[in-house]
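Pasted below: input_4.pdb, PDB, C-alpha atoms.
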```pdb
ATOM      1  CA  MET A  40       5.782  27.735  -5.526
ATOM      2  CA  GLU A  41       2.562  27.216  -3.596
ATOM      3  CA  ARG A  42       1.669  23.604  -2.948
ATOM      4  CA  ILE A  43      -1.710  22.663  -4.379
ATOM      5  CA  THR A  44      -2.512  20.601  -1.287
ATOM      6  CA  GLU A  45      -2.109  23.770   0.813
ATOM      7  CA  MET A  46      -4.165  26.063  -1.414
ATOM      8  CA  PRO A  47      -7.402  27.506   0.035
ATOM      9  CA  SER A  48     -10.504  25.378  -0.211
ATOM     10  CA  THR A  49     -12.869  26.300  -3.010
ATOM     11  CA  TYR A  50     -15.647  26.227  -0.418
ATOM     12  CA  ARG A  51     -16.207  29.098   2.011
ATOM     13  CA  HIS A  52     -17.872  29.431   5.400
ATOM     14  CA  LEU A  53     -18.083  25.718   6.095
ATOM     15  CA  GLU A  54     -19.404  26.434   9.574
ATOM     16  CA  LYS A  55     -22.548  27.959   8.030
ATOM     17  CA  MET A  56     -23.354  24.902   5.903
ATOM     18  CA  SER A  57     -26.068  22.476   6.933
ATOM     19  CA  LEU A  58     -25.012  18.939   7.751
ATOM     20  CA  ASN A  59     -26.466  17.756   4.441
ATOM     21  CA  GLU A  60     -24.496  20.412   2.538
ATOM     22  CA  LEU A  61     -21.286  19.406   4.300
ATOM     23  CA  LEU A  62     -21.712  15.738   3.445
ATOM     24  CA  LEU A  63     -22.715  16.378  -0.168
ATOM     25  CA  ASN A  64     -19.777  18.726  -0.769
ATOM     26  CA  ILE A  65     -17.234  16.407   0.841
ATOM     27  CA  ASN A  66     -18.568  13.583  -1.314
ATOM     28  CA  LYS A  67     -18.418  15.829  -4.389
ATOM     29  CA  GLU A  68     -14.725  16.419  -3.772
ATOM     30  CA  ASP A  69     -14.057  12.754  -3.024
ATOM     31  CA  LYS A  70     -15.468  11.809  -6.426
ATOM     32  CA  LEU A  71     -12.567  13.650  -8.049
ATOM     33  CA  VAL A  72      -9.980  11.329  -6.512
ATOM     34  CA  PRO A  73     -10.376   8.181  -8.678
ATOM     35  CA  ASP A  74      -9.972  10.261 -11.839
ATOM     36  CA  ALA A  75      -6.782  11.782 -10.459
ATOM     37  CA  VAL A  76      -5.463   8.310  -9.622
ATOM     38  CA  GLU A  77      -6.311   7.069 -13.120
ATOM     39  CA  LYS A  78      -4.108   9.747 -14.661
ATOM     40  CA  SER A  79      -1.164   8.428 -12.644
ATOM     41  CA  ILE A  80      -1.532   4.770 -13.720
ATOM     42  CA  PRO A  81       1.422   4.943 -16.178
ATOM     43  CA  GLN A  82       3.637   6.066 -13.286
ATOM     44  CA  ILE A  83       2.232   3.418 -10.946
ATOM     45  CA  GLU A  84       2.854   0.754 -13.583
ATOM     46  CA  LYS A  85       6.548   1.657 -13.866
ATOM     47  CA  LEU A  86       6.915   1.577 -10.095
ATOM     48  CA  VAL A  87       5.203  -1.810  -9.777
ATOM     49  CA  GLN A  88       7.344  -3.284 -12.535
ATOM     50  CA  ILE A  89      10.580  -2.445 -10.725
ATOM     51  CA  ILE A  90       9.207  -3.613  -7.360
ATOM     52  CA  VAL A  91       8.240  -6.988  -8.842
ATOM     53  CA  HIS A  92      11.616  -7.310 -10.529
ATOM     54  CA  LYS A  93      13.483  -6.587  -7.303
ATOM     55  CA  MET A  94      11.278  -8.825  -5.155
ATOM     56  CA  LYS A  95      11.770 -11.715  -7.560
ATOM     57  CA  GLU A  96      15.490 -11.267  -6.905
ATOM     58  CA  GLY A  97      14.895 -11.505  -3.152
ATOM     59  CA  GLY A  98      14.333  -7.842  -2.348
ATOM     60  CA  ARG A  99      11.669  -6.194  -0.209
ATOM     61  CA  LEU A 100       9.337  -3.223  -0.483
ATOM     62  CA  PHE A 101       9.581  -0.453   2.091
ATOM     63  CA  TYR A 102       7.129   2.382   2.651
ATOM     64  CA  ILE A 103       8.260   5.427   4.614
ATOM     65  CA  GLY A 104       6.109   8.395   5.582
ATOM     66  CA  ALA A 105       4.994  10.735   8.334
ATOM     67  CA  GLY A 106       1.570  11.388   9.812
ATOM     68  CA  THR A 107      -1.351  10.196   7.688
ATOM     69  CA  SER A 108       0.984   9.143   4.884
ATOM     70  CA  GLY A 109       3.062   7.026   7.235
ATOM     71  CA  ARG A 110      -0.016   5.422   8.762
ATOM     72  CA  LEU A 111      -1.324   4.488   5.321
ATOM     73  CA  GLY A 112       1.996   2.857   4.441
ATOM     74  CA  VAL A 113       2.052   0.831   7.656
ATOM     75  CA  LEU A 114      -1.578  -0.181   7.087
ATOM     76  CA  ASP A 115      -0.943  -1.392   3.547
ATOM     77  CA  ALA A 116       2.180  -3.320   4.563
ATOM     78  CA  SER A 117       0.520  -4.931   7.593
ATOM     79  CA  GLU A 118      -2.395  -6.251   5.545
ATOM     80  CA  CYS A 119      -0.274  -8.192   3.050
ATOM     81  CA  PRO A 120       0.787 -11.143   5.260
ATOM     82  CA  PRO A 121      -2.760 -12.139   6.300
ATOM     83  CA  THR A 122      -4.191 -11.469   2.849
ATOM     84  CA  TYR A 123      -1.532 -13.189   0.769
ATOM     85  CA  GLY A 124       0.247 -15.447   3.246
ATOM     86  CA  VAL A 125       3.609 -13.773   2.659
ATOM     87  CA  PRO A 126       6.343 -13.273   5.264
ATOM     88  CA  LYS A 127       5.894 -10.123   7.335
ATOM     89  CA  ASP A 128       9.188  -8.728   6.053
ATOM     90  CA  TRP A 129       8.235  -8.745   2.365
ATOM     91  CA  ILE A 130       6.555  -5.351   2.659
ATOM     92  CA  ILE A 131       7.573  -3.120   5.560
ATOM     93  CA  GLY A 132       5.910   0.129   6.605
ATOM     94  CA  ILE A 133       7.887   2.692   8.574
ATOM     95  CA  ILE A 134       6.358   5.826  10.105
ATOM     96  CA  ALA A 135       8.262   8.850  11.388
ATOM     97  CA  GLY A 136       8.232   8.753  15.175
ATOM     98  CA  GLY A 137       7.886   4.974  15.378
ATOM     99  CA  ASP A 138       4.845   2.871  16.184
ATOM    100  CA  ILE A 139       3.622   5.327  18.825
ATOM    101  CA  ALA A 140       2.902   7.702  15.921
ATOM    102  CA  LEU A 141       0.274   5.296  14.620
ATOM    103  CA  ARG A 142      -2.086   6.403  17.393
ATOM    104  CA  ASN A 143      -0.608   9.669  18.594
ATOM    105  CA  SER A 144       0.591  12.723  16.720
ATOM    106  CA  VAL A 145       4.390  13.026  16.669
ATOM    107  CA  GLU A 146       4.509  15.995  14.333
ATOM    108  CA  ALA A 147       8.131  17.046  14.854
ATOM    109  CA  ALA A 148       9.329  13.627  13.719
ATOM    110  CA  GLU A 149       8.692  14.506  10.083
ATOM    111  CA  ASP A 150      11.316  17.271  10.218
ATOM    112  CA  SER A 151      14.216  14.927  11.004
ATOM    113  CA  LEU A 152      16.891  14.811   8.313
ATOM    114  CA  SER A 153      18.533  11.602   9.538
ATOM    115  CA  GLN A 154      15.964   9.412  11.262
ATOM    116  CA  ALA A 155      14.515   7.795   8.141
ATOM    117  CA  TRP A 156      17.867   6.356   7.154
ATOM    118  CA  SER A 157      18.429   5.113  10.706
ATOM    119  CA  ASP A 158      15.007   3.466  10.616
ATOM    120  CA  LEU A 159      15.768   1.802   7.280
ATOM    121  CA  LYS A 160      19.216   0.610   8.365
ATOM    122  CA  ALA A 161      17.599  -1.231  11.263
ATOM    123  CA  PHE A 162      16.224  -3.620   8.623
ATOM    124  CA  ASP A 163      19.614  -4.131   6.924
ATOM    125  CA  ILE A 164      18.321  -2.497   3.766
ATOM    126  CA  ASP A 165      20.355  -3.056   0.600
ATOM    127  CA  GLU A 166      20.310  -2.597  -3.180
ATOM    128  CA  LEU A 167      17.825  -5.434  -3.701
ATOM    129  CA  ASP A 168      15.137  -3.444  -1.898
ATOM    130  CA  VAL A 169      12.848  -0.662  -3.130
ATOM    131  CA  VAL A 170      11.830   2.255  -0.916
ATOM    132  CA  VAL A 171       8.646   4.210  -1.615
ATOM    133  CA  GLY A 172       8.291   7.552   0.125
ATOM    134  CA  ILE A 173       4.736   8.685   0.835
ATOM    135  CA  ALA A 174       4.076  12.390   1.367
ATOM    136  CA  ALA A 175       1.045  14.366   0.231
ATOM    137  CA  SER A 176       3.009  17.610   0.165
ATOM    138  CA  GLY A 177       6.115  16.150  -1.435
ATOM    139  CA  THR A 178       8.193  18.263   0.942
ATOM    140  CA  THR A 179       8.468  16.141   4.111
ATOM    141  CA  PRO A 180      12.148  16.188   5.217
ATOM    142  CA  TYR A 181      11.989  12.741   6.850
ATOM    143  CA  VAL A 182      10.884  11.181   3.572
ATOM    144  CA  ILE A 183      13.036  13.241   1.206
ATOM    145  CA  GLU A 184      16.247  12.689   3.136
ATOM    146  CA  GLY A 185      15.469   9.001   3.544
ATOM    147  CA  LEU A 186      15.199   8.626  -0.221
ATOM    148  CA  ARG A 187      18.296  10.765  -0.743
ATOM    149  CA  LYS A 188      20.356   8.386   1.392
ATOM    150  CA  CYS A 189      18.894   5.406  -0.449
ATOM    151  CA  LYS A 190      20.106   6.835  -3.730
ATOM    152  CA  GLU A 191      23.579   7.287  -2.266
ATOM    153  CA  TYR A 192      23.658   3.550  -1.558
ATOM    154  CA  GLY A 193      22.238   2.458  -4.907
ATOM    155  CA  ILE A 194      18.780   1.600  -3.585
ATOM    156  CA  LEU A 195      15.927   2.298  -6.009
ATOM    157  CA  THR A 196      13.202   4.642  -4.839
ATOM    158  CA  GLY A 197       9.654   5.643  -5.658
ATOM    159  CA  CYS A 198       7.144   7.998  -4.147
ATOM    160  CA  VAL A 199       3.441   8.759  -3.876
ATOM    161  CA  THR A 200       2.714  12.467  -3.617
ATOM    162  CA  CYS A 201      -0.186  14.791  -4.384
ATOM    163  CA  ASN A 202       1.721  17.866  -5.528
ATOM    164  CA  PRO A 203       3.265  18.144  -9.007
ATOM    165  CA  ASP A 204       6.952  18.942  -9.477
ATOM    166  CA  SER A 205       7.812  18.394  -5.821
ATOM    167  CA  GLU A 206      11.255  17.871  -4.349
ATOM    168  CA  LEU A 207      10.221  14.354  -3.380
ATOM    169  CA  ALA A 208       9.234  13.472  -6.950
ATOM    170  CA  ALA A 209      12.465  14.981  -8.281
ATOM    171  CA  ILE A 210      14.625  12.755  -6.101
ATOM    172  CA  SER A 211      12.576   9.577  -6.710
ATOM    173  CA  ASP A 212      13.524   7.121  -9.447
ATOM    174  CA  PHE A 213       9.866   6.223  -9.989
ATOM    175  CA  PRO A 214       7.618   9.077  -8.836
ATOM    176  CA  VAL A 215       3.841   8.787  -8.675
ATOM    177  CA  GLU A 216       2.123  12.172  -8.658
ATOM    178  CA  ILE A 217      -1.618  12.185  -7.977
ATOM    179  CA  VAL A 218      -2.854  15.765  -8.133
ATOM    180  CA  THR A 219      -6.035  15.928  -6.069
ATOM    181  CA  GLY A 220      -6.286  19.706  -5.704
ATOM    182  CA  PRO A 221      -7.177  21.811  -2.656
ATOM    183  CA  GLU A 222      -8.840  20.021   0.241
ATOM    184  CA  PHE A 223     -12.411  20.678   1.404
ATOM    185  CA  VAL A 224     -10.925  21.859   4.687
ATOM    186  CA  THR A 225      -7.875  23.858   3.647
ATOM    187  CA  GLY A 226      -4.681  21.833   4.095
ATOM    188  CA  SER A 227      -6.396  18.762   5.585
ATOM    189  CA  THR A 228      -4.541  16.227   3.456
ATOM    190  CA  ARG A 229      -5.985  13.297   5.372
ATOM    191  CA  MET A 230      -9.003  13.845   3.116
ATOM    192  CA  LYS A 231      -8.623  13.719  -0.703
ATOM    193  CA  ALA A 232      -4.846  13.323  -0.676
ATOM    194  CA  GLY A 233      -5.059  10.545   1.897
ATOM    195  CA  THR A 234      -7.758   8.793  -0.108
ATOM    196  CA  ALA A 235      -5.639   9.004  -3.251
ATOM    197  CA  GLN A 236      -2.631   7.583  -1.443
ATOM    198  CA  LYS A 237      -4.698   4.712  -0.055
ATOM    199  CA  LEU A 238      -5.992   3.870  -3.524
ATOM    200  CA  ALA A 239      -2.488   4.001  -4.998
ATOM    201  CA  LEU A 240      -1.018   1.791  -2.278
ATOM    202  CA  ASN A 241      -3.854  -0.712  -2.766
ATOM    203  CA  MET A 242      -3.005  -0.812  -6.455
ATOM    204  CA  ILE A 243       0.723  -1.179  -5.832
ATOM    205  CA  SER A 244       0.634  -3.969  -3.243
ATOM    206  CA  THR A 245      -2.230  -5.876  -4.857
ATOM    207  CA  SER A 246      -0.701  -5.879  -8.329
ATOM    208  CA  VAL A 247       2.703  -6.800  -6.880
ATOM    209  CA  MET A 248       1.221  -9.768  -5.029
ATOM    210  CA  ILE A 249      -0.645 -10.936  -8.136
ATOM    211  CA  GLN A 250       2.480 -10.579 -10.265
ATOM    212  CA  LEU A 251       4.373 -12.637  -7.682
ATOM    213  CA  GLY A 252       1.834 -15.458  -7.975
ATOM    214  CA  ARG A 253      -0.009 -14.973  -4.684
ATOM    215  CA  VAL A 254      -3.470 -15.061  -6.314
ATOM    216  CA  MET A 255      -5.054 -17.960  -8.208
ATOM    217  CA  ASP A 256      -7.822 -16.914 -10.611
ATOM    218  CA  ASN A 257      -9.315 -14.148  -8.439
ATOM    219  CA  LYS A 258      -8.890 -15.894  -5.081
ATOM    220  CA  MET A 259      -6.628 -15.275  -2.085
ATOM    221  CA  VAL A 260      -5.492 -18.884  -1.965
ATOM    222  CA  ASP A 261      -2.580 -18.138   0.387
ATOM    223  CA  MET A 262      -4.532 -16.115   2.968
ATOM    224  CA  GLN A 263      -3.945 -16.854   6.626
ATOM    225  CA  LEU A 264      -6.851 -18.783   8.135
ATOM    226  CA  SER A 265      -6.901 -16.718  11.291
ATOM    227  CA  ASN A 266     -10.618 -16.601  12.087
ATOM    228  CA  ALA A 267     -13.913 -18.368  11.394
ATOM    229  CA  LYS A 268     -14.855 -16.055   8.537
ATOM    230  CA  LEU A 269     -11.624 -16.721   6.665
ATOM    231  CA  ILE A 270     -11.801 -20.466   7.272
ATOM    232  CA  ASP A 271     -15.325 -20.491   5.880
ATOM    233  CA  ARG A 272     -14.168 -18.470   2.865
ATOM    234  CA  GLY A 273     -11.346 -20.934   2.266
ATOM    235  CA  VAL A 274     -13.639 -23.928   2.503
ATOM    236  CA  LYS A 275     -16.064 -22.379   0.027
ATOM    237  CA  MET A 276     -13.220 -21.736  -2.421
ATOM    238  CA  ILE A 277     -12.340 -25.430  -2.286
ATOM    239  CA  VAL A 278     -15.975 -26.502  -2.625
ATOM    240  CA  LYS A 279     -16.396 -24.407  -5.754
ATOM    241  CA  GLN A 280     -13.047 -25.324  -7.295
ATOM    242  CA  LEU A 281     -13.202 -29.085  -6.652
ATOM    243  CA  ASN A 282     -16.977 -29.545  -6.634
ATOM    244  CA  ILE A 283     -16.952 -31.480  -3.369
ATOM    245  CA  PRO A 284     -19.150 -31.301  -0.226
ATOM    246  CA  TYR A 285     -18.476 -28.586   2.354
ATOM    247  CA  ASP A 286     -17.509 -31.016   5.121
ATOM    248  CA  VAL A 287     -15.013 -32.800   2.861
ATOM    249  CA  ALA A 288     -13.484 -29.478   1.837
ATOM    250  CA  ALA A 289     -13.225 -28.426   5.489
ATOM    251  CA  LYS A 290     -11.290 -31.580   6.361
ATOM    252  CA  LEU A 291      -8.944 -31.060   3.420
ATOM    253  CA  LEU A 292      -8.304 -27.475   4.459
ATOM    254  CA  GLN A 293      -7.543 -28.539   8.017
ATOM    255  CA  LYS A 294      -5.178 -31.206   6.714
ATOM    256  CA  HIS A 295      -3.241 -29.066   4.231
ATOM    257  CA  GLY A 296      -3.270 -25.698   5.998
ATOM    258  CA  ASN A 297      -4.345 -23.372   3.196
ATOM    259  CA  VAL A 298      -6.351 -23.310  -0.011
ATOM    260  CA  ARG A 299      -3.377 -23.434  -2.361
ATOM    261  CA  ASN A 300      -2.000 -26.565  -0.721
ATOM    262  CA  VAL A 301      -5.377 -28.287  -1.064
ATOM    263  CA  LEU A 302      -5.665 -27.407  -4.751
ATOM    264  CA  ASN A 303      -2.061 -28.406  -5.439
ATOM    265  CA  ALA A 304      -2.557 -31.742  -3.664
ATOM    266  CA  HIS A 305      -5.734 -32.371  -5.639
ATOM    267  CA  SER A 306      -3.939 -31.566  -8.890
ATOM    268  CA  LEU A 307      -1.157 -33.987  -7.934
ATOM    269  CA  ASP A 308      -3.707 -36.707  -7.155
ATOM    270  CA  ILE A 309      -5.280 -36.252 -10.572
ATOM    271  CA  THR A 310      -1.869 -36.476 -12.225
ATOM    272  CA  MET A 311      -0.925 -39.618 -10.312
ATOM    273  CA  ASN A 312      -4.269 -41.327 -10.974
ATOM    274  CA  SER A 313      -4.106 -40.579 -14.698
ATOM    275  CA  ARG A 314      -0.902 -42.546 -15.121
TER
END
```

Please go through the file and, once you have read it, give me the structure as structure tokens.
Amino acid sequence: MERITEMPSTYRHLEKMSLNELLLNINKEDKLVPDAVEKSIPQIEKLVQIIVHKMKEGGRLFYIGAGTSGRLGVLDASECPPTYGVPKDWIIGIIAGGDIALRNSVEAAEDSLSQAWSDLKAFDIDELDVVVGIAASGTTPYVIEGLRKCKEYGILTGCVTCNPDSELAAISDFPVEIVTGPEFVTGSTRMKAGTAQKLALNMISTSVMIQLGRVMDNKMVDMQLSNAKLIDRGVKMIVKQLNIPYDVAAKLLQKHGNVRNVLNAHSLDITMNSR
């Protein structure tokens, strides 16, 4: 069966298009992606539910992938600690070929039938964890065999793929299939497929963090205050929430370390003073 992500582009003779035509047509194709993601929301919801359940029991979320898919998984995982103030081992991204593959192509790595499991075992993975395989094609051996070994050891699995009825989806406990169609440049899955995967991973990690209580109202109250911009954002959150001057809020933030601690301390003060 021909993979949709490998089917010929519906556009011909790209080299003869004007720059404006190229940009308009790429954008036209990109507009199809959010609708494709929306159709997969029921699948994403089931996956998030099991991830939250397992993480509440002390488990972790792993992403595994190769090439663009692997890079997107590592990106999503690496952004969670600074955004939500969680330990760096709550969500772990693993790419075929190791960290060198983040910047350099290590194409043969995706064909390994054993390396994914070796990579996962390095983190002492167990049945409390959930492993999500990311592969646009749904046929990447590194990802498929990694999930196959997980199932042998009773570890729940999910996937994000852009081909329907793939081998990867068949082996996953909670598959997410986002059918984005042929790429503008035939087979270039870093385009629509990559965009769809990025959107799905944003949805997964963000909703997991919210479900785990890492957001208050709509604010990142646990974010790491690692630069001036984020410190200023934190101070402004406190100013708005407590209705106090900026300089007072800044001192409170410096004292308590993050926004949540300031708000919790303020709530405690109110409780104590009302007695």

(request) Would you please work out which residue, of A:Lys70, A:Lys290, A:Arg42, A:Lys268, is nearest to Ser176 in chain A when using all atoms listed in the file? (result)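 Checking each candidate against Ser176 in chain A, we get A:Arg42 as the closest.
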
(message) Please list as a PyMOL selection string every residue within 12 Å of Cys201 in chain A, counting only C-alpha atoms and excluding residues in the same chain fewer than 3 positions away.
(response) chain A and resi 42-45+72+75-76+79+108+173-178+198+204-208+214-222+226+228-237+239

Include C-alpha atoms and write out the residues we just selected as a PDB file, in the frame of the given file.
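Below is the file out39.pdb, written as the result:
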```pdb
ATOM      1  CA  ARG A  42       1.669  23.604  -2.948  1.00  0.00           C
ATOM      2  CA  ILE A  43      -1.710  22.663  -4.379  1.00  0.00           C
ATOM      3  CA  THR A  44      -2.512  20.601  -1.287  1.00  0.00           C
ATOM      4  CA  GLU A  45      -2.109  23.770   0.813  1.00  0.00           C
ATOM      5  CA  VAL A  72      -9.980  11.329  -6.512  1.00  0.00           C
ATOM      6  CA  ALA A  75      -6.782  11.782 -10.459  1.00  0.00           C
ATOM      7  CA  VAL A  76      -5.463   8.310  -9.622  1.00  0.00           C
ATOM      8  CA  SER A  79      -1.164   8.428 -12.644  1.00  0.00           C
ATOM      9  CA  SER A 108       0.984   9.143   4.884  1.00  0.00           C
ATOM     10  CA  ILE A 173       4.736   8.685   0.835  1.00  0.00           C
ATOM     11  CA  ALA A 174       4.076  12.390   1.367  1.00  0.00           C
ATOM     12  CA  ALA A 175       1.045  14.366   0.231  1.00  0.00           C
ATOM     13  CA  SER A 176       3.009  17.610   0.165  1.00  0.00           C
ATOM     14  CA  GLY A 177       6.115  16.150  -1.435  1.00  0.00           C
ATOM     15  CA  THR A 178       8.193  18.263   0.942  1.00  0.00           C
ATOM     16  CA  CYS A 198       7.144   7.998  -4.147  1.00  0.00           C
ATOM     17  CA  ASP A 204       6.952  18.942  -9.477  1.00  0.00           C
ATOM     18  CA  SER A 205       7.812  18.394  -5.821  1.00  0.00           C
ATOM     19  CA  GLU A 206      11.255  17.871  -4.349  1.00  0.00           C
ATOM     20  CA  LEU A 207      10.221  14.354  -3.380  1.00  0.00           C
ATOM     21  CA  ALA A 208       9.234  13.472  -6.950  1.00  0.00           C
ATOM     22  CA  PRO A 214       7.618   9.077  -8.836  1.00  0.00           C
ATOM     23  CA  VAL A 215       3.841   8.787  -8.675  1.00  0.00           C
ATOM     24  CA  GLU A 216       2.123  12.172  -8.658  1.00  0.00           C
ATOM     25  CA  ILE A 217      -1.618  12.185  -7.977  1.00  0.00           C
ATOM     26  CA  VAL A 218      -2.854  15.765  -8.133  1.00  0.00           C
ATOM     27  CA  THR A 219      -6.035  15.928  -6.069  1.00  0.00           C
ATOM     28  CA  GLY A 220      -6.286  19.706  -5.704  1.00  0.00           C
ATOM     29  CA  PRO A 221      -7.177  21.811  -2.656  1.00  0.00           C
ATOM     30  CA  GLU A 222      -8.840  20.021   0.241  1.00  0.00           C
ATOM     31  CA  GLY A 226      -4.681  21.833   4.095  1.00  0.00           C
ATOM     32  CA  THR A 228      -4.541  16.227   3.456  1.00  0.00           C
ATOM     33  CA  ARG A 229      -5.985  13.297   5.372  1.00  0.00           C
ATOM     34  CA  MET A 230      -9.003  13.845   3.116  1.00  0.00           C
ATOM     35  CA  LYS A 231      -8.623  13.719  -0.703  1.00  0.00           C
ATOM     36  CA  ALA A 232      -4.846  13.323  -0.676  1.00  0.00           C
ATOM     37  CA  GLY A 233      -5.059  10.545   1.897  1.00  0.00           C
ATOM     38  CA  THR A 234      -7.758   8.793  -0.108  1.00  0.00           C
ATOM     39  CA  ALA A 235      -5.639   9.004  -3.251  1.00  0.00           C
ATOM     40  CA  GLN A 236      -2.631   7.583  -1.443  1.00  0.00           C
ATOM     41  CA  LYS A 237      -4.698   4.712  -0.055  1.00  0.00           C
ATOM     42  CA  ALA A 239      -2.488   4.001  -4.998  1.00  0.00           C
TER      43      ALA A 239
END
```

(request) Run the PyMOL selection byres ((chain A and resi 269) around 12) mentally over the shown coordinates, then write out the matched residues as a VMD selection string, using the chain letters and numbers from the document. (result) chain A and resid 121 to 122 259 to 268 270 to 276 289 292 297 to 298

(request) Check the smallest atom-to-atom distance from each of A:Val87, A:Leu240, A:Ala147, A:Val199 to Val113 in chain A using all atoms listed in the file, then report the winner. (result) A:Leu240

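Atom pair CA of Pro73 in chain A / CA of Gly132 in chain A: separated by 23.7 Å.
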
(message) Set the distance at 10 Å and use all atoms listed in the file: which residues neighbour His92 in chain A once local chain neighbours fewer than 3 positions away are removed? I'd like the list as a PyMOL selection string.
(response) chain A and resi 87-89+95-98+167+247+250-251

(message) I'd like the contact shell of range 48-55 of chain A - 8 Å cut-off, all atoms listed in the file, skipping same-chain residues fewer than 2 positions apart - returned as a PyMOL selection string.
(response) chain A and resi 46+57+61+221-225

Could the residues in this selection be saved with C-alpha atoms as a PDB file, in the coordinates of the input?
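The file below, part.pdb, is the result:
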```pdb
ATOM      1  CA  MET A  46      -4.165  26.063  -1.414  1.00  0.00           C
ATOM      2  CA  SER A  57     -26.068  22.476   6.933  1.00  0.00           C
ATOM      3  CA  LEU A  61     -21.286  19.406   4.300  1.00  0.00           C
ATOM      4  CA  PRO A 221      -7.177  21.811  -2.656  1.00  0.00           C
ATOM      5  CA  GLU A 222      -8.840  20.021   0.241  1.00  0.00           C
ATOM      6  CA  PHE A 223     -12.411  20.678   1.404  1.00  0.00           C
ATOM      7  CA  VAL A 224     -10.925  21.859   4.687  1.00  0.00           C
ATOM      8  CA  THR A 225      -7.875  23.858   3.647  1.00  0.00           C
TER       9      THR A 225
END
```

(request) Can you work out the spacing between CA of Cys189 in chain A and CA of Asp163 in chain A in Å, to one decimal? (result)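 Computed distance, CA of Cys189 in chain A to CA of Asp163 in chain A, equals 12.1 Å.
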
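Pairwise distance (CA of Ser246 in chain A, CA of Thr200 in chain A) equals 19.2 Å.
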
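Environment of (21.4, -3.7, -4.2): residues at most 8 Å away, judged by only C-alpha atoms, are A:Asp165, A:Glu166, A:Leu167, A:Asp168, A:Gly193, A:Ile194.
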